[in-house]
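One file, upload_31.cif, carrying mmCIF, C-alpha atoms:
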data_query
loop_
_atom_site.label_atom_id
_atom_site.label_comp_id
_atom_site.auth_asym_id
_atom_site.auth_seq_id
_atom_site.Cartn_x
_atom_site.Cartn_y
_atom_site.Cartn_z
CA MET A 63 53.87 96.76 49.27
CA ILE A 64 52.52 98.58 52.33
CA LYS A 65 53.47 102.25 52.53
CA VAL A 66 54.19 103.72 55.97
CA LEU A 67 55.06 107.32 56.75
CA GLY A 68 57.38 107.63 59.74
CA PHE A 69 57.26 110.87 61.73
CA ALA A 70 60.48 111.54 63.65
CA ILE A 71 60.83 114.58 65.86
CA TYR A 72 64.55 115.08 65.09
CA GLY A 73 66.73 114.67 62.02
CA PRO A 74 69.26 111.86 61.44
CA LEU A 75 71.82 113.44 63.78
CA ALA A 76 69.65 112.14 66.63
CA ALA A 77 70.45 108.56 67.58
CA SER A 78 66.76 107.88 68.27
CA THR A 79 65.86 108.72 64.67
CA ARG A 80 68.63 106.57 63.24
CA TYR A 81 68.08 103.55 65.46
CA ARG A 82 64.31 103.57 66.09
CA LEU A 83 63.42 104.29 62.45
CA GLY A 84 66.23 104.69 59.94
CA GLN A 85 68.04 101.40 60.38
CA TYR A 86 64.79 99.46 59.85
CA VAL A 87 64.11 100.73 56.33
CA ALA A 88 66.01 98.03 54.42
CA GLY A 89 64.80 95.14 56.58
CA LEU A 90 61.17 96.25 56.44
CA ALA A 91 61.37 96.51 52.66
CA ARG A 92 62.18 92.80 52.56
CA LEU A 93 58.96 92.24 54.53
CA GLY A 94 56.86 94.23 52.06
CA ILE A 95 56.85 97.53 53.98
CA ASP A 96 58.01 100.75 52.36
CA LEU A 97 58.93 103.08 55.27
CA HIS A 98 59.45 106.76 54.46
CA ILE A 99 60.86 108.93 57.28
CA ARG A 100 60.13 112.62 57.74
CA HIS A 101 61.59 114.66 60.62
CA LEU A 102 60.23 117.78 62.27
CA LEU A 103 63.34 119.55 63.59
CA GLY A 104 66.45 119.42 61.44
CA ASP A 105 70.03 118.79 62.48
CA SER A 106 70.70 122.53 62.78
CA TYR A 107 68.31 122.58 65.75
CA LEU A 108 70.15 119.75 67.52
CA ARG A 109 73.56 121.31 66.88
CA ALA A 110 72.34 124.57 68.43
CA GLN A 111 71.01 122.66 71.44
CA PHE A 112 74.27 120.74 71.88
CA ASN A 113 76.47 123.81 71.45
CA GLY A 114 74.30 126.16 73.51
CA THR A 115 73.92 128.62 70.62
CA ALA A 116 70.85 130.51 69.38
CA LEU A 117 68.11 128.31 67.98
CA PRO A 118 67.62 128.57 64.19
CA ILE A 119 64.14 130.12 64.38
CA GLY A 120 63.80 130.58 60.62
CA ALA A 121 64.67 126.95 59.96
CA MET A 122 62.27 125.86 62.68
CA VAL A 123 59.40 127.73 61.03
CA VAL A 124 60.21 126.04 57.73
CA ASP A 125 60.41 122.69 59.53
CA GLY A 126 56.95 123.25 61.03
CA LEU A 127 55.44 124.05 57.65
CA ARG A 128 57.05 120.96 56.19
CA ARG A 129 55.53 118.83 58.95
CA MET A 130 52.07 120.12 58.03
CA ALA A 131 52.76 119.29 54.37
CA ASP A 132 53.82 115.77 55.36
CA LEU A 133 50.57 115.32 57.28
CA TRP A 134 48.66 116.46 54.19
CA GLN A 135 50.40 113.69 52.21
CA LEU A 136 49.49 110.98 54.72
CA GLU A 137 46.38 109.95 52.78
CA LYS A 138 48.75 108.39 50.20
CA TYR A 139 50.02 105.94 52.83
CA ASP A 140 48.53 102.90 54.51
CA ALA A 141 49.70 103.74 58.03
CA ALA A 142 51.89 106.08 60.06
CA MET A 143 54.54 105.56 62.70
CA VAL A 144 55.07 108.43 65.15
CA HIS A 145 58.25 108.50 67.21
CA CYS A 146 58.01 110.36 70.53
CA GLU A 147 55.89 113.35 69.51
CA LEU A 148 54.13 114.55 66.40
CA ILE A 149 54.07 118.29 67.18
CA PRO A 150 55.40 119.77 70.46
CA MET A 151 52.90 121.63 72.65
CA MET A 152 49.92 120.22 70.78
CA PRO A 153 47.29 118.29 72.80
CA GLY A 154 47.02 114.58 72.14
CA LEU A 155 43.45 114.72 70.86
CA LEU A 156 44.44 117.24 68.20
CA GLU A 157 47.40 115.13 67.13
CA ARG A 158 45.13 112.12 66.82
CA ALA A 159 42.71 114.14 64.69
CA MET A 160 45.51 115.18 62.34
CA LEU A 161 46.38 111.58 61.48
CA CYS A 162 43.98 110.30 58.84
CA ARG A 163 45.49 106.82 58.86
CA PRO A 164 46.04 104.16 61.54
CA TYR A 165 49.22 104.89 63.44
CA VAL A 166 51.81 103.18 65.61
CA TYR A 167 53.24 105.19 68.49
CA ASP A 168 56.91 104.48 69.27
CA PHE A 169 58.88 105.77 72.24
CA ASP A 170 62.27 105.04 73.82
CA ASP A 171 62.26 107.54 76.69
CA ALA A 172 59.82 108.46 79.45
CA PHE A 173 58.27 111.06 77.16
CA TYR A 174 55.06 111.01 79.18
CA LEU A 175 56.96 113.07 81.78
CA ARG A 176 57.77 115.83 79.29
CA TYR A 177 54.98 118.15 80.41
CA ARG A 178 54.86 116.97 84.01
CA ILE A 179 58.35 117.71 85.33
CA GLY A 180 61.13 120.17 84.58
CA ARG A 181 60.81 123.43 82.71
CA MET A 182 57.72 122.30 80.74
CA ARG A 183 55.64 121.40 83.80
CA MET A 184 53.70 124.67 83.62
CA ALA A 185 51.88 123.13 80.66
CA SER A 186 50.80 120.15 82.76
CA PRO A 187 47.13 121.17 83.19
CA ILE A 188 46.68 121.01 79.40
CA LEU A 189 49.41 118.64 78.23
CA GLY A 190 50.15 116.46 81.25
CA THR A 191 48.20 113.51 79.80
CA LYS A 192 49.01 114.25 76.15
CA PHE A 193 50.96 111.04 75.54
CA ASP A 194 48.47 108.87 77.41
CA THR A 195 45.74 110.17 75.09
CA PHE A 196 47.87 109.71 72.00
CA MET A 197 48.84 106.14 72.95
CA ALA A 198 45.20 105.27 73.61
CA GLY A 199 44.30 106.20 70.04
CA ALA A 200 47.11 104.23 68.40
CA SER A 201 46.63 100.97 66.54
CA ALA A 202 49.67 99.75 68.45
CA VAL A 203 52.49 101.04 70.64
CA THR A 204 56.15 100.00 70.51
CA ALA A 205 58.10 100.66 73.71
CA GLY A 206 61.87 100.63 74.12
CA ASN A 207 62.07 98.98 77.53
CA HIS A 208 59.93 97.01 79.95
CA ILE A 209 59.13 100.01 82.15
CA LEU A 210 57.86 101.98 79.16
CA ASP A 211 56.03 98.87 77.96
CA GLY A 212 54.25 98.52 81.28
CA TYR A 213 53.30 102.19 81.31
CA ALA A 214 51.90 102.09 77.76
CA LYS A 215 49.81 98.99 78.46
CA GLN A 216 47.72 101.06 80.87
CA TYR A 217 46.39 102.93 77.83
CA ASN A 218 46.79 100.51 74.94
CA ALA A 219 46.69 96.73 75.32
CA ASN A 220 48.24 96.36 71.85
CA THR A 221 51.70 97.34 73.13
CA TYR A 222 54.91 95.58 72.10
CA TYR A 223 58.37 95.57 73.61
CA LEU A 224 60.83 96.78 70.97
CA PRO A 225 64.28 97.51 72.42
CA THR A 226 66.64 99.96 70.76
CA VAL A 227 69.07 97.68 68.93
CA VAL A 228 72.14 97.67 66.73
CA ASP A 229 73.08 96.02 63.46
CA ALA A 230 75.41 93.30 64.71
CA ASN A 231 76.95 93.05 61.25
CA ARG A 232 78.11 96.66 61.58
CA TYR A 233 78.96 96.72 65.29
CA VAL A 234 81.76 94.17 65.37
CA PRO A 235 84.72 93.67 67.72
CA GLU A 236 88.12 94.94 66.64
CA LYS A 237 90.50 93.70 69.31
CA ALA A 238 93.49 95.26 67.54
CA ASN A 239 92.25 98.61 68.87
CA ARG A 240 92.73 97.45 72.48
CA GLY A 241 95.74 96.45 74.48
CA SER A 242 96.98 99.85 75.65
CA SER A 243 98.92 99.87 78.90
CA VAL A 244 96.47 102.51 80.15
CA PHE A 245 93.17 101.16 81.44
CA THR A 246 90.54 102.88 79.28
CA VAL A 247 87.02 103.50 80.54
CA GLY A 248 84.66 104.65 77.81
CA TRP A 249 81.31 106.43 77.57
CA ILE A 250 79.27 107.51 74.54
CA GLY A 251 76.22 109.73 74.56
CA SER A 252 75.04 113.30 74.13
CA PRO A 253 75.57 116.59 75.99
CA SER A 254 72.24 116.18 77.76
CA THR A 255 73.21 112.82 79.31
CA ALA A 256 76.88 113.58 80.05
CA VAL A 257 75.77 115.06 83.38
CA TYR A 258 75.38 111.48 84.65
CA LEU A 259 79.17 111.07 84.49
CA GLY A 260 79.36 113.12 87.68
CA GLY A 261 78.64 109.92 89.59
CA LEU A 262 81.96 108.46 88.44
CA VAL A 263 84.24 111.28 89.59
CA ALA A 264 85.00 109.85 93.03
CA PRO A 265 85.50 106.17 92.05
CA LEU A 266 87.62 107.05 89.01
CA ALA A 267 89.73 109.50 91.02
CA ALA A 268 90.37 106.78 93.60
CA LEU A 269 91.25 104.28 90.89
CA GLY A 270 93.64 106.79 89.36
CA LEU A 271 95.67 106.83 92.58
CA GLU A 272 96.46 103.14 91.98
CA GLY A 273 97.66 103.42 88.37
CA ALA A 274 97.14 105.02 84.98
CA VAL A 275 93.47 105.44 84.02
CA ARG A 276 91.93 107.11 81.00
CA LEU A 277 88.29 108.19 80.63
CA MET A 278 87.19 108.61 77.02
CA VAL A 279 83.98 110.62 76.59
CA ILE A 280 82.37 110.67 73.14
CA GLY A 281 79.65 113.19 72.40
CA GLY A 282 79.50 115.08 75.68
CA VAL A 283 81.35 117.29 78.12
CA ALA A 284 83.38 115.32 80.63
CA PRO A 285 83.75 116.26 84.31
CA LYS A 286 87.18 117.09 85.66
CA ILE A 287 88.57 114.08 87.52
CA PRO A 288 91.76 114.15 89.58
CA ASN A 289 94.38 111.50 88.77
CA VAL A 290 92.63 110.53 85.51
CA THR A 291 93.45 111.42 81.90
CA VAL A 292 90.15 112.66 80.48
CA ILE A 293 89.67 112.77 76.70
CA GLU A 294 86.66 114.47 75.12
CA LEU A 295 85.83 113.62 71.53
CA GLU A 296 83.02 114.78 69.27
CA TRP A 297 80.69 112.06 68.08
CA ASN A 298 81.18 111.12 64.45
CA GLU A 299 79.54 108.19 62.73
CA THR A 300 82.74 107.33 60.85
CA THR A 301 84.88 107.04 63.99
CA GLU A 302 82.29 105.79 66.50
CA LEU A 303 83.04 102.08 66.17
CA ASP A 304 86.82 102.45 66.26
CA LEU A 305 86.54 104.49 69.44
CA ILE A 306 84.18 102.05 71.16
CA ASN A 307 86.57 99.26 70.24
CA SER A 308 89.35 101.09 72.07
CA PHE A 309 87.50 100.81 75.40
CA ASP A 310 88.55 98.25 77.99
CA VAL A 311 85.23 98.83 79.77
CA GLY A 312 82.07 100.71 78.76
CA VAL A 313 80.07 102.50 81.45
CA MET A 314 76.52 103.77 81.91
CA PRO A 315 75.94 105.55 85.23
CA LEU A 316 72.38 106.71 85.95
CA PRO A 317 70.52 108.24 88.88
CA ASP A 318 67.56 106.22 90.14
CA ASP A 319 64.76 108.57 89.12
CA GLU A 320 61.64 108.25 86.99
CA TRP A 321 63.20 109.79 83.87
CA ALA A 322 66.34 107.64 84.02
CA ARG A 323 64.26 104.49 84.48
CA GLY A 324 62.82 105.19 81.04
CA LYS A 325 66.26 104.96 79.39
CA CYS A 326 66.78 102.02 77.05
CA ALA A 327 70.40 101.09 77.89
CA PHE A 328 71.37 101.73 74.30
CA LYS A 329 74.98 102.72 75.00
CA LEU A 330 75.43 99.42 76.84
CA ILE A 331 74.16 97.58 73.77
CA GLN A 332 76.63 99.49 71.58
CA TYR A 333 79.55 98.56 73.83
CA MET A 334 78.46 94.95 74.18
CA ALA A 335 78.04 94.44 70.44
CA CYS A 336 81.74 95.32 70.14
CA ALA A 337 82.58 92.73 72.84
CA VAL A 338 83.33 95.40 75.43
CA PRO A 339 82.41 94.39 79.00
CA VAL A 340 80.21 96.88 80.85
CA ILE A 341 79.52 98.42 84.23
CA ALA A 342 76.17 100.12 84.78
CA SER A 343 73.88 101.51 87.45
CA PRO A 344 71.08 99.05 88.34
CA VAL A 345 68.41 101.36 86.95
CA GLY A 346 65.70 100.75 84.35
CA ALA A 347 66.66 98.73 81.28
CA ASN A 348 70.26 98.40 82.51
CA VAL A 349 69.06 95.60 84.78
CA ASP A 350 67.53 93.75 81.81
CA VAL A 351 70.52 94.14 79.51
CA VAL A 352 73.43 93.41 81.86
CA THR A 353 73.90 89.87 83.15
CA SER A 354 76.65 88.63 85.45
CA GLU A 355 78.29 86.99 82.44
CA CYS A 356 78.71 90.20 80.42
CA GLY A 357 79.24 92.89 83.02
CA LEU A 358 78.64 94.29 86.46
CA LEU A 359 76.01 96.46 88.14
CA ALA A 360 77.13 99.11 90.62
CA ALA A 361 74.82 101.19 92.81
CA SER A 362 77.23 103.08 95.10
CA GLU A 363 80.57 104.82 94.65
CA GLN A 364 82.28 101.94 96.44
CA GLU A 365 80.59 99.37 94.18
CA TRP A 366 81.70 101.36 91.13
CA LEU A 367 85.28 101.44 92.42
CA ASP A 368 85.23 97.70 93.18
CA ALA A 369 83.80 96.88 89.73
CA LEU A 370 86.31 99.09 87.90
CA ARG A 371 89.18 97.64 89.91
CA LEU A 372 88.05 94.06 89.25
CA LEU A 373 87.84 94.51 85.49
CA ARG A 374 91.10 96.45 85.41
CA ASP A 375 92.96 93.67 87.22
CA GLN A 376 91.37 90.71 85.39
CA PRO A 377 92.05 90.94 81.61
CA ARG A 378 90.87 87.36 81.10
CA MET A 379 87.63 88.17 82.84
CA ARG A 380 87.24 91.22 80.59
CA ALA A 381 87.75 89.08 77.49
CA HIS A 382 85.27 86.43 78.64
CA ALA A 383 82.67 89.03 79.61
CA GLY A 384 83.14 90.79 76.29
CA MET A 385 82.45 87.63 74.32
CA ALA A 386 79.36 86.92 76.43
CA ALA A 387 78.20 90.51 75.91
CA ARG A 388 78.52 90.20 72.15
CA GLN A 389 76.52 86.96 72.16
CA ARG A 390 73.79 88.52 74.29
CA VAL A 391 73.38 91.35 71.80
CA ILE A 392 73.18 88.93 68.87
CA GLU A 393 70.48 86.90 70.62
CA HIS A 394 68.35 89.71 72.05
CA TYR A 395 69.37 93.19 70.89
CA SER A 396 70.24 92.84 67.22
CA LEU A 397 68.47 94.42 64.28
CA GLU A 398 68.03 90.99 62.70
CA LYS A 399 66.01 89.75 65.69
CA ASN A 400 63.80 92.83 65.92
CA VAL A 401 62.93 93.68 62.30
CA PRO A 402 60.23 90.95 62.24
CA VAL A 403 58.69 92.39 65.42
CA LEU A 404 58.29 95.87 63.96
CA GLY A 405 57.23 94.41 60.63
CA ALA A 406 54.36 92.49 62.24
CA VAL A 407 53.23 95.59 64.16
CA LEU A 408 53.18 97.75 61.03
CA HIS A 409 51.39 95.10 58.98
CA GLY A 410 48.74 94.89 61.70
CA ALA A 411 48.30 98.65 61.78
CA ALA A 412 47.96 98.89 58.02
CA LYS A 413 45.20 96.30 58.12
CA GLY A 414 43.30 98.56 60.51
#
Could I get this structure in the form of structure tokens?
Amino acid sequence: MIKVLGFAIYGPLAASTRYRLGQYVAGLARLGIDLHIRHLLGDSYLRAQFNGTALPIGAMVVDGLRRMADLWQLEKYDAAMVHCELIPMMPGLLERAMLCRPYVYDFDDAFYLRYRIGRMRMASPILGTKFDTFMAGASAVTAGNHILDGYAKQYNANTYYLPTVVDANRYVPEKANRGSSVFTVGWIGSPSTAVYLGGLVAPLAALGLEGAVRLMVIGGVAPKIPNVTVIELEWNETTELDLINSFDVGVMPLPDDEWARGKCAFKLIQYMACAVPVIASPVGANVDVVTSECGLLAASEQEWLDALRLLRDQPRMRAHAGMAARQRVIEHYSLEKNVPVLGAVLHGAAKG
């Protein structure tokens, strides 16, 4: 049995930790890989970020000390897997030096922009190429979409496309949850990505003038939309699937910028696994995931309105697209299809 220590930046409350690492543990064990996951920042940190409250400084100090202890234990393992970042604000060469075993670098966002744009860009002279350096030193890189894959291959030829996927045996359609007389448009995500819903205000408001429309937002703050019933719900793992199964259509609006192009279309995959047809902006991985059989792409407000109207008025089309969406997930974006990919990467890393 190969032992691998997985370094996540956030605790299990973060979807990236659950879906890029946690859900693989059982499947990898069947392939002879014993994956142990350690996180840097606990769930209390994420809750503070989501709620806009004071950061738990004491807990963060303890978390940092625990990360150093985990690194000290790495010599007992055959390889490491680092998701997104080992230690924030630390140069890539130092991170590489701290890992005494071969490592796989995994990322599902355009993390290489972290110290180049936004509030962290002041660190760019020192940290702007941090992730390039760290990827170059990895035994292999696993990238969540084709844009990330192409970027990583500039620095590490041993890069593999590993989309963020779902367990299709857990994400299953429950049609009994649908059938409301109110057309329900659904979105699931986090407070940091809910800002993208602003692009749907005008098309949804126009649609609401034609008949009853409901927007269900799970895990984020919804914009105010005239003529539309807006429902905000906290994300909860126990209710997530029932709520997704209540959608008539799942949406993923995105701006066309460098950060958004690094997104892995995961919410689309969640909807589609539950046989929910989708509408998405033609940005990044959305273009790879959505086909004409399982959904629609919309670039402008008018295209969004036309797509929403079409799926509202064509229940048979929604049903057909939902079935096609489910099949596409099973064939390309299921845990079963992707466990062997990660298993082969980790076996290769452990062999040096």
Between A:Met184, A:Leu373, A:Val340, A:Leu305, which one has atoms that come closest to Gly357 in chain A, using only C-alpha atoms? A:Val340
Selection: 6 Å around range 315-319 of chain A, only C-alpha atoms, excl. self and same-chain fewer than 3 positions, as a ChimeraX atom specification: /A:258,322,342-343,345
Dump as an mmCIF file, keeping the file's coordinate frame, selection limited to C-alpha atoms:
data_model
loop_
_atom_site.group_PDB
_atom_site.id
_atom_site.type_symbol
_atom_site.label_atom_id
_atom_site.label_comp_id
_atom_site.auth_asym_id
_atom_site.auth_seq_id
_atom_site.Cartn_x
_atom_site.Cartn_y
_atom_site.Cartn_z
ATOM 1 C CA TYR A 258 75.380 111.480 84.650
ATOM 2 C CA ALA A 322 66.340 107.640 84.020
ATOM 3 C CA ALA A 342 76.170 100.120 84.780
ATOM 4 C CA SER A 343 73.880 101.510 87.450
ATOM 5 C CA VAL A 345 68.410 101.360 86.950
#
Return as a Markdown table the residues of range 249-366 of chain A lying at most 12 Å from range 220-232 of chain A, together with the closest atom-to-atom pair for each and the distance in Å to one decimal, counting only C-alpha atoms, with rows in chain order and ascending residue number.
| residue | atom | partner | partner_atom | distance |
| --- | --- | --- | --- | --- |
| A:Glu299 | CA | A:Arg232 | CA | 11.7 |
| A:Thr300 | CA | A:Arg232 | CA | 11.7 |
| A:Glu302 | CA | A:Arg232 | CA | 11.2 |
| A:Leu303 | CA | A:Arg232 | CA | 8.6 |
| A:Asp304 | CA | A:Arg232 | CA | 11.5 |
| A:Gly324 | CA | A:Pro225 | CA | 11.6 |
| A:Lys325 | CA | A:Thr226 | CA | 10.0 |
| A:Cys326 | CA | A:Thr226 | CA | 6.6 |
| A:Ala327 | CA | A:Thr226 | CA | 8.1 |
| A:Phe328 | CA | A:Thr226 | CA | 6.2 |
| A:Lys329 | CA | A:Thr226 | CA | 9.8 |
| A:Leu330 | CA | A:Val227 | CA | 10.3 |
| A:Ile331 | CA | A:Val227 | CA | 7.0 |
| A:Gln332 | CA | A:Val228 | CA | 6.9 |
| A:Tyr333 | CA | A:Val228 | CA | 10.3 |
| A:Met334 | CA | A:Ala230 | CA | 10.1 |
| A:Ala335 | CA | A:Ala230 | CA | 6.4 |
| A:Cys336 | CA | A:Ala230 | CA | 8.6 |
| A:Ala337 | CA | A:Ala230 | CA | 10.9 |
| A:Ala347 | CA | A:Pro225 | CA | 9.3 |
| A:Asn348 | CA | A:Pro225 | CA | 11.8 |
| A:Asp350 | CA | A:Pro225 | CA | 10.6 |
| A:Val351 | CA | A:Pro225 | CA | 10.0 |
To one decimal place, how far is CA of Met152 in chain A from CA of Val123 in chain A in Å? 15.5 Å
Give me the result of the PyMOL selection byres ((chain A and resi 210) around 9) on this file, residue by residue, as a VMD selection string. chain A and resid 169 to 172 205 to 209 211 to 215 223 323 to 325
Tell me which residues the PyMOL selection byres ((chain A and resi 90-94) around 8) grabs here, as a compact mmCIF listing (two decimals) with C-alpha atoms, keeping the file's coordinate frame.
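The resulting result-v8.txt:
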# COMPACT_ATOMS: atom_id res chain seq x y z
CA MET A 63 53.87 96.76 49.27
CA ILE A 64 52.52 98.58 52.33
CA TYR A 86 64.79 99.46 59.85
CA VAL A 87 64.11 100.73 56.33
CA ALA A 88 66.01 98.03 54.42
CA GLY A 89 64.80 95.14 56.58
CA ILE A 95 56.85 97.53 53.98
CA ASP A 96 58.01 100.75 52.36
CA LEU A 97 58.93 103.08 55.27
CA VAL A 401 62.93 93.68 62.30
CA PRO A 402 60.23 90.95 62.24
CA GLY A 405 57.23 94.41 60.63
Just how far from CA of Thr301 in chain A is CA of Asp125 in chain A, in Å to one decimal?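 CA of Asp125 in chain A sits 29.4 Å away from CA of Thr301 in chain A.
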List the neighbours of Glu137 in chain A out to 12 Å using only C-alpha atoms; skip same-chain residues closer than 3 positions along the sequence, and give me the result as number ranges by chain. A: 65-67, 131-134, 140-142, 160-164
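Each of A:Gln216, A:Gly104, A:Leu155, A:Ala110 was compared to Gly126 in chain A using all atoms listed in the file, and A:Gly104 turns out to be the nearest.
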Which residue gives the smallest distance to Ala383 in chain A among A:Cys356, A:Leu408, A:Glu363, A:Trp321, with only C-alpha atoms counted? A:Cys356
Just give me the gap between CA of Leu370 in chain A and CA of Val234 in chain A in Å, one decimal is fine. 23.5 Å
I want to know what sits within 8 Å of Ala267 in chain A, based on all atoms listed in the file, with residues of the same chain fewer than 3 positions away left out; could you give that as a list in words?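 After dropping sequence-adjacent residues, the list is Val263, Ala264, Gly270, Leu271, Ile287, Pro288, Asn289 and Val290 of chain A.
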How would you write, as a PyMOL selection string, the residues chosen by the PyMOL selection byres ((chain A and resi 189-195) around 10) on this structure? chain A and resi 146-147+150-158+167+173-179+182-188+196-200+213-214+216-218
Top pick for closest residue to Ile306 in chain A, considering A:Ala256, A:Val292, A:Ile250, A:Leu358 and counting all atoms listed in the file: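 Among the listed residues, the smallest separation from Ile306 in chain A belongs to A:Ile250.
Proximity ranking of A:Val166, A:Ile293, A:Met379, A:Ala77 relative to His409 in chain A places A:Val166 first, based on only C-alpha atoms.
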Padded axis-aligned box of range 258-270 of chain A (6 Å per side), centre and edge lengths, Å, one decimal, as lines of an AutoDock Vina configuration file:
center_x = 84.5
center_y = 108.7
center_z = 89.0
size_x = 30.3
size_y = 20.8
size_z = 21.1
Skip Arg374 in chain A itself and residues of its chain fewer than 3 positions away, then list as a list in words all residues within 9 Å of it, counting only C-alpha atoms.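 The contact residues come out as Phe245, Thr246, Asp310, Val311, Ala369, Leu370, Arg371, Pro377 and Arg380 of chain A.
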Near-Gly68 in chain A list (7 Å; only C-alpha atoms; drop same-chain fewer than 4 positions) as an MDAnalysis selection string: chainID A and resid 97:100 142:144
Got a minute to add N, CA and C atoms to range 82-96 of chain A and dump it as a tab-separated table (two decimals), in the frame of the given file?
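And here is the file that came out, selection-v3.tsv:
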chain	number	residue	atom	x	y	z
A	82	ARG	N	65.70	103.99	65.93
A	82	ARG	CA	64.31	103.57	66.09
A	82	ARG	C	63.58	103.51	64.76
A	83	LEU	N	64.08	104.24	63.75
A	83	LEU	CA	63.42	104.29	62.45
A	83	LEU	C	64.37	103.96	61.31
A	84	GLY	N	65.40	104.76	61.13
A	84	GLY	CA	66.23	104.69	59.94
A	84	GLY	C	66.83	103.33	59.64
A	85	GLN	N	67.36	102.66	60.65
A	85	GLN	CA	68.04	101.40	60.38
A	85	GLN	C	67.07	100.27	60.00
A	86	TYR	N	65.77	100.49	60.18
A	86	TYR	CA	64.79	99.46	59.85
A	86	TYR	C	64.34	99.49	58.39
A	87	VAL	N	64.68	100.54	57.67
A	87	VAL	CA	64.11	100.73	56.33
A	87	VAL	C	64.40	99.53	55.42
A	88	ALA	N	65.65	99.11	55.34
A	88	ALA	CA	66.01	98.03	54.42
A	88	ALA	C	65.36	96.71	54.83
A	89	GLY	N	65.39	96.39	56.12
A	89	GLY	CA	64.80	95.14	56.58
A	89	GLY	C	63.30	95.10	56.39
A	90	LEU	N	62.62	96.21	56.64
A	90	LEU	CA	61.17	96.25	56.44
A	90	LEU	C	60.81	96.11	54.98
A	91	ALA	N	61.65	96.64	54.10
A	91	ALA	CA	61.37	96.51	52.66
A	91	ALA	C	61.33	95.05	52.25
A	92	ARG	N	62.18	94.24	52.86
A	92	ARG	CA	62.18	92.80	52.56
A	92	ARG	C	60.91	92.12	53.07
A	93	LEU	N	60.21	92.79	53.99
A	93	LEU	CA	58.96	92.24	54.53
A	93	LEU	C	57.73	92.88	53.87
A	94	GLY	N	57.98	93.63	52.80
A	94	GLY	CA	56.86	94.23	52.06
A	94	GLY	C	56.36	95.53	52.64
A	95	ILE	N	57.23	96.25	53.37
A	95	ILE	CA	56.85	97.53	53.98
A	95	ILE	C	57.79	98.61	53.49
A	96	ASP	N	57.23	99.63	52.89
A	96	ASP	CA	58.01	100.75	52.36
A	96	ASP	C	57.89	101.90	53.36
